[in-house]
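Okay, structure first, notes after.
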Amino acid sequence: MAFPLPDPMRRALALAEQAARDGEVPVGAVVIVNGAVVGEGVNRTRRDNDPTAHAEIVAIRAACAAIGTDRLPGAELWVTLEPCAMCAGAIAHARIARLVYAAPDPKGGGVAHGPRVFAQPTCHHRPEVVDGVGEGSAAILLREFFAERR
């Protein structure tokens with residue numbers, strides 16, 4: 001039996017679809033504070049000519065700007081793909097309380113795969129991590145995006 005996706009992941013998936021239409025790797029991210037969306041982002045590396053413009057970083061920057069702070073304690077970050085090491089580092093520095101991601105990324109992930117940033121003794125903040133929420137939808141979107149480019 002399939003369960004309906006929570007609103008933040010549905011929004012993150014819609015953002016990922018937008019990124020794909022724009023020719024970017026289809027990843028979307030949403031920051032929630034006290035139940036409200038305070039920041040969202042899509043991959044914009046090609047558009048911005050910026051290798052750091054991953055969806056998570058864009059969403060974190062937007063949330064910090066909206067709230068007027070450099071930290072997001074109590075915030076949730078919902079993202080369609082397991083964050084890379086760079087984004088996991090940004091999540092830790094922003095003090096995000098909870099990370100929810102859809103699809104795993106065995107090749108480039110930095111949370112459950114690769115460097116496992118939050119498991120390192122040098123990581124000063126470790127969010128609660130929930131994986132697999134919307135995994136099927138996110139995986140299909142990623143597969144179709146890359147199949148069109150091969």
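Every chain in the structure tokens takes a letter, A first, then B, and so on in the order presented; its residues are numbered from 1, and the ligands are numbered from 1 following the presented order.
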Per residue of region 9-33 of chain A within 9 Å of region 131-143 of chain A, note the shortest atom pair and the distance in Å to one decimal, counting only C-alpha atoms, and order the rows by chain and increasing residue number, as CSV.
residue,atom,partner,partner_atom,distance
A:Met9,CA,A:Gly134,CA,6.9
A:Arg10,CA,A:Gly134,CA,8.1
A:Leu13,CA,A:Ala138,CA,6.8
A:Ala16,CA,A:Leu141,CA,8.0
A:Glu17,CA,A:Leu141,CA,7.4
A:Ala20,CA,A:Leu141,CA,8.4
A:Val25,CA,A:Leu142,CA,7.5
A:Pro26,CA,A:Leu142,CA,6.2
A:Val27,CA,A:Leu142,CA,8.3
Can you tell me which residues surround region 35-51 of chain A at a distance of at most 8 Å, considering only C-alpha atoms, apart from same-chain residues fewer than 6 positions away, and format the answer as number ranges by chain? A: 12, 15-16, 18-19, 24-29, 57-64, 66-67
DSSP alpha helix (DSSP H) residues within chain A, listed as a PyMOL selection string: chain A and resi 7-21+45-48+55-67+85-94+135-149
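Minimum distance to Ala85 (chain A) across A:Glu144, A:Asp22, A:Asp70, A:Asp105 (counting only C-alpha atoms) occurs at A:Asp105.
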Using only C-alpha atoms, the residue out of A:Val31, A:Ala97, A:Ala112, A:Leu5 with shortest distance to Leu77 (chain A) is A:Val31
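For region 2-134 of chain A, backbone-based DSSP assignment of strand (DSSP E or B) covers Gly28, Ala29, Val30, Val31, Ile32, Val33, Ala36, Val37, Val38, Gly39, Glu40, Gly41, Val42, Glu76, Leu77, Trp78, Val79, Thr80, Leu81, Arg98, Leu99, Val100, Tyr101, Ala102, Ala103, Glu128, Val129, Val130 and Asp131 of chain A.
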Neighbours of Ala88 (chain A) within 9 Å (only C-alpha atoms; same-chain residues fewer than 2 positions away dropped), as a ChimeraX atom specification? /A:56,82-86,90-93,109-111,116-118
